[in-house]
$ cat run10.cif   # mmCIF, C-alpha atoms
data_run
loop_
_atom_site.group_PDB
_atom_site.id
_atom_site.type_symbol
_atom_site.label_atom_id
_atom_site.label_comp_id
_atom_site.auth_asym_id
_atom_site.auth_seq_id
_atom_site.Cartn_x
_atom_site.Cartn_y
_atom_site.Cartn_z
ATOM 1 C CA GLY A 391 122.882 107.258 61.869
ATOM 2 C CA LEU A 392 125.515 109.840 62.807
ATOM 3 C CA ALA A 393 123.276 112.861 62.183
ATOM 4 C CA HIS A 394 120.328 111.395 64.117
ATOM 5 C CA PHE A 395 122.342 110.943 67.326
ATOM 6 C CA ALA A 396 124.667 113.978 67.174
ATOM 7 C CA ALA A 397 124.575 116.474 70.038
ATOM 8 C CA ASP A 398 125.580 120.127 69.789
ATOM 9 C CA ASN A 399 128.524 119.540 72.166
ATOM 10 C CA GLY A 400 130.199 117.047 69.779
ATOM 11 C CA GLY A 401 128.941 113.969 71.621
ATOM 12 C CA PHE A 402 125.932 111.780 71.034
ATOM 13 C CA PHE A 403 122.500 111.328 72.521
ATOM 14 C CA ASP A 404 121.304 107.893 73.570
ATOM 15 C CA THR A 405 118.197 108.271 71.401
ATOM 16 C CA ALA A 406 117.779 109.413 67.810
ATOM 17 C CA ASP A 407 116.203 112.748 66.963
ATOM 18 C CA ASP A 408 113.463 110.971 65.014
ATOM 19 C CA ALA A 409 112.583 108.514 67.809
ATOM 20 C CA GLU A 410 109.589 108.745 70.118
ATOM 21 C CA ALA A 411 109.480 112.147 71.818
ATOM 22 C CA LEU A 412 110.830 112.147 75.374
ATOM 23 C CA ILE A 413 110.724 114.777 78.090
ATOM 24 C CA SER A 414 114.502 114.911 77.868
ATOM 25 C CA ARG A 415 116.868 113.168 75.442
ATOM 26 C CA PRO A 416 119.345 111.174 77.538
ATOM 27 C CA GLN A 417 123.084 111.564 77.030
ATOM 28 C CA ASP A 418 124.818 109.346 79.589
ATOM 29 C CA LEU A 419 128.577 109.378 79.063
ATOM 30 C CA THR A 420 129.480 106.951 81.852
ATOM 31 C CA ASP A 421 130.366 103.324 81.323
ATOM 32 C CA ASN A 422 129.109 100.710 83.716
ATOM 33 C CA ALA A 423 128.721 96.979 83.120
ATOM 34 C CA THR A 424 128.278 97.924 79.472
ATOM 35 C CA PRO A 425 129.829 100.856 77.607
ATOM 36 C CA SER A 426 127.920 104.104 77.416
ATOM 37 C CA GLY A 427 126.078 104.511 74.138
ATOM 38 C CA SER A 428 128.346 107.431 73.258
ATOM 39 C CA ALA A 429 131.529 105.448 73.922
ATOM 40 C CA ALA A 430 130.248 102.512 71.870
ATOM 41 C CA PHE A 431 129.266 104.867 69.042
ATOM 42 C CA ALA A 432 132.690 106.579 69.144
ATOM 43 C CA GLY A 433 134.410 103.185 69.002
ATOM 44 C CA ALA A 434 132.300 102.181 66.007
ATOM 45 C CA LEU A 435 133.214 105.454 64.296
ATOM 46 C CA VAL A 436 136.933 104.738 64.801
ATOM 47 C CA THR A 437 136.474 101.298 63.248
ATOM 48 C CA PHE A 438 134.451 102.651 60.328
ATOM 49 C CA ALA A 439 137.039 105.364 59.670
ATOM 50 C CA ALA A 440 139.845 102.788 59.745
ATOM 51 C CA LEU A 441 138.077 100.566 57.202
ATOM 52 C CA THR A 442 136.965 103.341 54.861
ATOM 53 C CA GLY A 443 139.431 106.183 55.334
ATOM 54 C CA SER A 444 136.599 108.551 56.302
ATOM 55 C CA SER A 445 138.188 111.544 58.028
ATOM 56 C CA ALA A 446 134.705 112.870 58.905
ATOM 57 C CA HIS A 447 133.927 109.782 60.977
ATOM 58 C CA ARG A 448 137.309 109.899 62.705
ATOM 59 C CA ALA A 449 136.765 113.593 63.512
ATOM 60 C CA ALA A 450 133.340 112.757 64.970
ATOM 61 C CA ALA A 451 134.942 110.112 67.222
ATOM 62 C CA GLU A 452 137.589 112.615 68.353
ATOM 63 C CA ALA A 453 134.938 115.256 69.109
ATOM 64 C CA ALA A 454 132.893 112.753 71.090
ATOM 65 C CA LEU A 455 135.971 111.777 73.086
ATOM 66 C CA LEU A 456 136.462 115.417 74.085
ATOM 67 C CA THR A 457 132.966 115.466 75.606
ATOM 68 C CA ALA A 458 134.006 112.644 77.929
ATOM 69 C CA SER A 459 137.358 114.123 78.988
ATOM 70 C CA THR A 460 136.112 115.051 82.482
ATOM 71 C CA ILE A 461 134.897 111.513 83.107
ATOM 72 C CA VAL A 462 138.153 110.030 81.847
ATOM 73 C CA THR A 463 140.263 112.201 84.167
ATOM 74 C CA LYS A 464 138.008 112.501 87.240
ATOM 75 C CA ALA A 465 136.157 109.178 87.259
ATOM 76 C CA PRO A 466 138.209 106.729 85.164
ATOM 77 C CA ARG A 467 136.357 103.797 86.700
ATOM 78 C CA PHE A 468 133.370 104.867 84.592
ATOM 79 C CA ALA A 469 135.349 105.551 81.432
ATOM 80 C CA GLY A 470 136.961 102.273 80.407
ATOM 81 C CA TRP A 471 135.446 102.232 76.938
ATOM 82 C CA TRP A 472 136.313 105.890 76.446
ATOM 83 C CA ALA A 473 139.915 105.071 77.359
ATOM 84 C CA ALA A 474 139.874 102.278 74.765
ATOM 85 C CA VAL A 475 138.621 104.725 72.121
ATOM 86 C CA ALA A 476 141.367 107.199 73.087
ATOM 87 C CA GLU A 477 144.023 104.481 72.915
ATOM 88 C CA ALA A 478 142.802 103.360 69.481
ATOM 89 C CA LEU A 479 142.924 106.931 68.168
ATOM 90 C CA LEU A 480 146.398 107.515 69.596
ATOM 91 C CA ASP A 481 147.759 104.203 68.301
ATOM 92 C CA GLY A 482 146.558 104.769 64.754
ATOM 93 C CA PRO A 483 144.552 102.555 64.747
ATOM 94 C CA TYR A 484 146.406 99.911 62.794
ATOM 95 C CA GLU A 485 144.665 98.854 59.598
ATOM 96 C CA VAL A 486 145.615 95.442 58.264
ATOM 97 C CA ALA A 487 144.706 94.565 54.692
ATOM 98 C CA ILE A 488 145.300 90.977 53.594
ATOM 99 C CA VAL A 489 144.968 90.097 49.939
ATOM 100 C CA GLY A 490 144.961 86.499 48.764
ATOM 101 C CA GLU A 491 144.315 83.266 50.604
ATOM 102 C CA ASN A 492 146.702 82.826 53.537
ATOM 103 C CA PRO A 493 145.017 81.821 56.811
ATOM 104 C CA ASP A 494 148.328 82.175 58.671
ATOM 105 C CA LEU A 495 148.544 85.907 57.848
ATOM 106 C CA VAL A 496 144.941 86.374 58.965
ATOM 107 C CA ARG A 497 145.549 84.447 62.200
ATOM 108 C CA ALA A 498 148.703 86.444 62.986
ATOM 109 C CA SER A 499 146.762 89.678 62.465
ATOM 110 C CA TRP A 500 144.006 88.621 64.856
ATOM 111 C CA LEU A 501 146.530 87.553 67.477
ATOM 112 C CA SER A 502 148.302 90.924 67.471
ATOM 113 C CA ALA A 503 145.277 92.783 68.900
ATOM 114 C CA ARG A 504 146.532 96.379 68.693
ATOM 115 C CA PRO A 505 144.135 98.981 70.148
ATOM 116 C CA GLY A 506 141.321 99.601 67.671
ATOM 117 C CA GLN A 507 143.009 97.451 65.024
ATOM 118 C CA VAL A 508 140.881 96.537 62.039
ATOM 119 C CA ILE A 509 141.494 93.640 59.691
ATOM 120 C CA ALA A 510 140.108 93.292 56.195
ATOM 121 C CA SER A 511 140.903 90.319 54.019
ATOM 122 C CA ALA A 512 139.894 89.221 50.555
ATOM 123 C CA GLN A 513 140.702 86.142 48.557
ATOM 124 C CA SER A 514 139.560 87.395 45.165
ATOM 125 C CA PRO A 515 140.173 90.595 43.182
ATOM 126 C CA ALA A 516 136.412 91.271 43.104
ATOM 127 C CA SER A 517 136.331 91.344 46.912
ATOM 128 C CA VAL A 518 139.269 93.758 47.049
ATOM 129 C CA ALA A 519 137.378 96.501 45.207
ATOM 130 C CA ALA A 520 134.422 96.310 47.627
ATOM 131 C CA VAL A 521 136.372 97.428 50.744
ATOM 132 C CA PRO A 522 138.227 100.751 50.638
ATOM 133 C CA LEU A 523 141.050 99.485 52.897
ATOM 134 C CA LEU A 524 141.709 96.688 50.402
ATOM 135 C CA ALA A 525 141.422 98.817 47.258
ATOM 136 C CA ASP A 526 144.556 99.073 45.130
ATOM 137 C CA ARG A 527 146.355 96.438 47.193
ATOM 138 C CA GLY A 528 147.383 93.277 45.443
ATOM 139 C CA LEU A 529 149.412 90.119 45.614
ATOM 140 C CA VAL A 530 153.193 90.434 45.828
ATOM 141 C CA ASP A 531 155.029 88.314 43.264
ATOM 142 C CA GLY A 532 151.898 86.159 43.009
ATOM 143 C CA GLN A 533 151.797 85.510 46.774
ATOM 144 C CA PRO A 534 149.182 86.595 49.322
ATOM 145 C CA ALA A 535 150.279 89.786 51.043
ATOM 146 C CA ALA A 536 149.536 91.757 54.192
ATOM 147 C CA TYR A 537 149.607 95.547 54.302
ATOM 148 C CA VAL A 538 149.928 97.199 57.712
ATOM 149 C CA CYS A 539 148.640 100.753 57.506
ATOM 150 C CA ARG A 540 147.756 103.726 59.678
ATOM 151 C CA GLY A 541 145.579 106.435 58.199
ATOM 152 C CA PHE A 542 145.612 104.466 54.923
ATOM 153 C CA VAL A 543 149.391 104.967 54.665
ATOM 154 C CA CYS A 544 150.940 101.522 54.492
ATOM 155 C CA GLN A 545 154.279 100.003 55.258
ATOM 156 C CA ARG A 546 155.771 97.812 52.556
ATOM 157 C CA PRO A 547 153.632 94.728 51.945
ATOM 158 C CA VAL A 548 154.826 91.481 53.503
ATOM 159 C CA THR A 549 154.192 87.868 52.577
ATOM 160 C CA THR A 550 155.409 86.027 55.680
ATOM 161 C CA VAL A 551 153.964 85.758 59.181
ATOM 162 C CA ALA A 552 157.335 86.686 60.722
ATOM 163 C CA ASP A 553 157.524 89.946 58.744
ATOM 164 C CA LEU A 554 153.899 90.753 59.549
ATOM 165 C CA GLN A 555 154.505 90.221 63.279
ATOM 166 C CA VAL A 556 157.450 92.638 63.160
ATOM 167 C CA GLN A 557 155.308 95.333 61.530
ATOM 168 C CA LEU A 558 152.436 94.801 63.988
ATOM 169 C CA ARG A 559 154.747 95.234 66.975
ATOM 170 C CA GLY A 560 155.280 98.805 65.777
#
$ encode --input "run10.cif" --output "structure tokens"
Amino acid sequence: GLAHFAADNGGFFDTADDAEALISRPQDLTDNATPSGSAAFAGALVTFAALTGSSAHRAAAEAALLTASTIVTKAPRFAGWWAAVAEALLDGPYEVAIVGENPDLVRASWLSARPGQVIASAQSPASVAAVPLLADRGLVDGQPAAYVCRGFVCQRPVTTVADLQVQLRG
């Protein structure tokens, strides 16, 4: 996907390079009632990078954001989604890994809503290995645990909602 939409300026086209031939490939960077395709793609790249640790996808999101810098500064009304991508990149984004069955930890994570925050949870060891953010994270003293990370560097794991809320407040 990334290679088919990439533009030479670091942004993205609205159509893939292998799609039906057009007179001109559109590249609209402005948001309106819906986000621009480039802003939505950049946001998805931030999320993917946060879940997988892919520095290439994070770099692609950062490069795309640079292509929209004029819109963000001169016409912010048309750059809301770009601003959200920028905020997510600046804030981390927070990556929350929850291992073991504890719906209260999951609920507290969803209620924190940090910019660009991603949450991955698994109840079984087999599920942990399938998601890079969850890999090598386990129960703490036999209890479900939450790991609050940024750039795959985690704070100490916590087992209570109160401790998780403290970490998510930053």
$ closest_residue --input "run10.cif" --among "A:Gly443, A:Ser499, A:Ala469, A:Val556" --to "Arg540 (chain A)" --atoms "only C-alpha atoms"
A:Gly443
$ atom_distance --input "run10.cif" --atom1 "CA of Gln555 (chain A)" --atom2 "CA of Phe542 (chain A)"
18.8 Å
$ resolve_selection --input "run10.cif" --expression "the PyMOL selection byres ((chain A and resi 409-415) around 12)" --output "NGL selection string"
:A and (391 or 394-397 or 402-408 or 416-418)
$ residues_around --input "run10.cif" --residues "Ala510 (chain A)" --least-positions-apart "2" --cutoff "8 Å" --atoms "all atoms listed in the file" --output "PDB file with C-alpha atoms, keeping the file's coordinate frame"
ATOM      1  CA  LEU A 441     138.077 100.566  57.202  1.00  0.00           C
ATOM      2  CA  GLU A 485     144.665  98.854  59.598  1.00  0.00           C
ATOM      3  CA  VAL A 486     145.615  95.442  58.264  1.00  0.00           C
ATOM      4  CA  ALA A 487     144.706  94.565  54.692  1.00  0.00           C
ATOM      5  CA  ILE A 488     145.300  90.977  53.594  1.00  0.00           C
ATOM      6  CA  VAL A 508     140.881  96.537  62.039  1.00  0.00           C
ATOM      7  CA  ALA A 512     139.894  89.221  50.555  1.00  0.00           C
ATOM      8  CA  VAL A 521     136.372  97.428  50.744  1.00  0.00           C
ATOM      9  CA  LEU A 523     141.050  99.485  52.897  1.00  0.00           C
ATOM     10  CA  LEU A 524     141.709  96.688  50.402  1.00  0.00           C
TER      11      LEU A 524
END
$ resolve_selection --input "run10.cif" --expression "the PyMOL selection byres ((chain A and resi 432) around 12)" --output "NGL selection string"
:A and (392 or 395-396 or 400-403 or 419 or 425-431 or 433-439 or 447-458 or 471-476 or 478-479 or 506)
$ residues_around --input "run10.cif" --residues "Tyr537 (chain A)" --least-positions-apart "6" --cutoff "12 Å" --atoms "only C-alpha atoms" --output "PyMOL selection string"
chain A and resi 484-490+495-496+499+508-511+523-530+543-551+553-555+557-558
$ atom_distance --input "run10.cif" --atom1 "CA of Asp398 (chain A)" --atom2 "CA of Lys464 (chain A)"
22.7 Å
$ atom_distance --input "run10.cif" --atom1 "CA of Gly560 (chain A)" --atom2 "CA of Ala536 (chain A)"
14.7 Å
$ closest_residue --input "run10.cif" --among "A:Ala440, A:Ala446, A:Val462, A:Ala393" --to "Asp421 (chain A)" --atoms "all atoms listed in the file"
A:Val462
$ closest_residue --input "run10.cif" --among "A:Ala503, A:Ala520, A:Ala423, A:Ala552" --to "Phe468 (chain A)" --atoms "only C-alpha atoms"
A:Ala423
$ closest_residue --input "run10.cif" --among "A:Asn492, A:Ser444, A:Thr460, A:Ser517" --to "Gly541 (chain A)" --atoms "all atoms listed in the file"
A:Ser444
$ axis_aligned_box --input "run10.cif" --around "region 448-460 of chain A" --padding-each-side "3 Å" --output "AutoDock Vina command-line options"
--center_x 135.2 --center_y 112.7 --center_z 72.6 --size_x 10.7 --size_y 11.6 --size_z 25.8
$ build_atoms --input "run10.cif" --residues "region 415-426 of chain A" --atoms "all heavy atoms" --output "CSV table (one decimal), in the frame of the given file"
chain,number,residue,atom,x,y,z
A,415,ARG,N,116.1,114.2,76.2
A,415,ARG,CA,116.9,113.2,75.4
A,415,ARG,C,118.1,112.8,76.3
A,415,ARG,O,118.9,113.7,76.6
A,415,ARG,CB,117.4,113.7,74.1
A,415,ARG,CG,116.3,113.6,73.0
A,415,ARG,CD,116.8,114.2,71.7
A,415,ARG,NE,117.7,113.3,71.0
A,415,ARG,CZ,118.4,113.6,70.0
A,415,ARG,NH1,118.4,114.9,69.5
A,415,ARG,NH2,119.1,112.8,69.4
A,416,PRO,N,118.2,111.6,76.7
A,416,PRO,CA,119.3,111.2,77.5
A,416,PRO,C,120.7,111.2,76.8
A,416,PRO,O,120.7,111.0,75.6
A,416,PRO,CB,119.0,109.8,78.0
A,416,PRO,CG,118.0,109.2,77.0
A,416,PRO,CD,117.3,110.4,76.4
A,417,GLN,N,121.7,111.6,77.6
A,417,GLN,CA,123.1,111.6,77.0
A,417,GLN,C,124.0,111.1,78.2
A,417,GLN,O,124.7,112.0,78.8
A,417,GLN,CB,123.5,112.9,76.5
A,417,GLN,CG,124.8,113.0,75.8
A,417,GLN,CD,125.2,114.4,75.3
A,417,GLN,OE1,124.7,115.4,75.8
A,417,GLN,NE2,126.0,114.4,74.3
A,418,ASP,N,124.0,109.9,78.5
A,418,ASP,CA,124.8,109.3,79.6
A,418,ASP,C,126.2,109.0,79.0
A,418,ASP,O,126.3,108.1,78.2
A,418,ASP,CB,124.1,108.1,80.2
A,418,ASP,CG,124.9,107.6,81.4
A,418,ASP,OD1,125.9,108.2,81.9
A,418,ASP,OD2,124.4,106.6,82.0
A,419,LEU,N,127.2,109.6,79.6
A,419,LEU,CA,128.6,109.4,79.1
A,419,LEU,C,129.3,108.3,79.9
A,419,LEU,O,130.4,107.9,79.5
A,419,LEU,CB,129.4,110.7,79.1
A,419,LEU,CG,128.8,111.8,78.2
A,419,LEU,CD1,129.7,113.1,78.4
A,419,LEU,CD2,128.8,111.4,76.8
A,420,THR,N,128.8,107.9,81.0
A,420,THR,CA,129.5,107.0,81.9
A,420,THR,C,129.3,105.5,81.4
A,420,THR,O,128.2,105.1,81.1
A,420,THR,CB,129.0,107.1,83.3
A,420,THR,OG1,127.6,106.9,83.4
A,420,THR,CG2,129.3,108.5,83.8
A,421,ASP,N,130.4,104.8,81.5
A,421,ASP,CA,130.4,103.3,81.3
A,421,ASP,C,130.0,102.7,82.6
A,421,ASP,O,130.2,103.2,83.7
A,421,ASP,CB,131.7,102.8,80.9
A,421,ASP,CG,132.2,103.3,79.6
A,421,ASP,OD1,131.4,103.7,78.8
A,421,ASP,OD2,133.4,103.3,79.3
A,422,ASN,N,129.4,101.5,82.5
A,422,ASN,CA,129.1,100.7,83.7
A,422,ASN,C,129.4,99.3,83.3
A,422,ASN,O,130.5,99.0,82.8
A,422,ASN,CB,127.7,100.9,84.2
A,422,ASN,CG,127.5,100.8,85.7
A,422,ASN,OD1,128.1,99.9,86.3
A,422,ASN,ND2,126.8,101.7,86.3
A,423,ALA,N,128.5,98.4,83.5
A,423,ALA,CA,128.7,97.0,83.1
A,423,ALA,C,128.8,96.9,81.6
A,423,ALA,O,129.5,96.0,81.1
A,423,ALA,CB,127.6,96.1,83.6
A,424,THR,N,128.2,97.8,80.9
A,424,THR,CA,128.3,97.9,79.5
A,424,THR,C,128.8,99.3,79.1
A,424,THR,O,128.7,100.2,80.0
A,424,THR,CB,126.9,97.7,78.8
A,424,THR,OG1,126.0,98.7,79.3
A,424,THR,CG2,126.4,96.3,79.1
A,425,PRO,N,129.3,99.5,78.0
A,425,PRO,CA,129.8,100.9,77.6
A,425,PRO,C,128.7,101.8,77.5
A,425,PRO,O,127.5,101.4,77.2
A,425,PRO,CB,130.5,100.7,76.3
A,425,PRO,CG,130.0,99.4,75.7
A,425,PRO,CD,129.6,98.6,76.9
A,426,SER,N,129.0,103.1,77.7
A,426,SER,CA,127.9,104.1,77.4
A,426,SER,C,127.6,104.1,75.9
A,426,SER,O,128.5,103.7,75.1
A,426,SER,CB,128.4,105.5,77.8
A,426,SER,OG,129.4,106.0,76.9
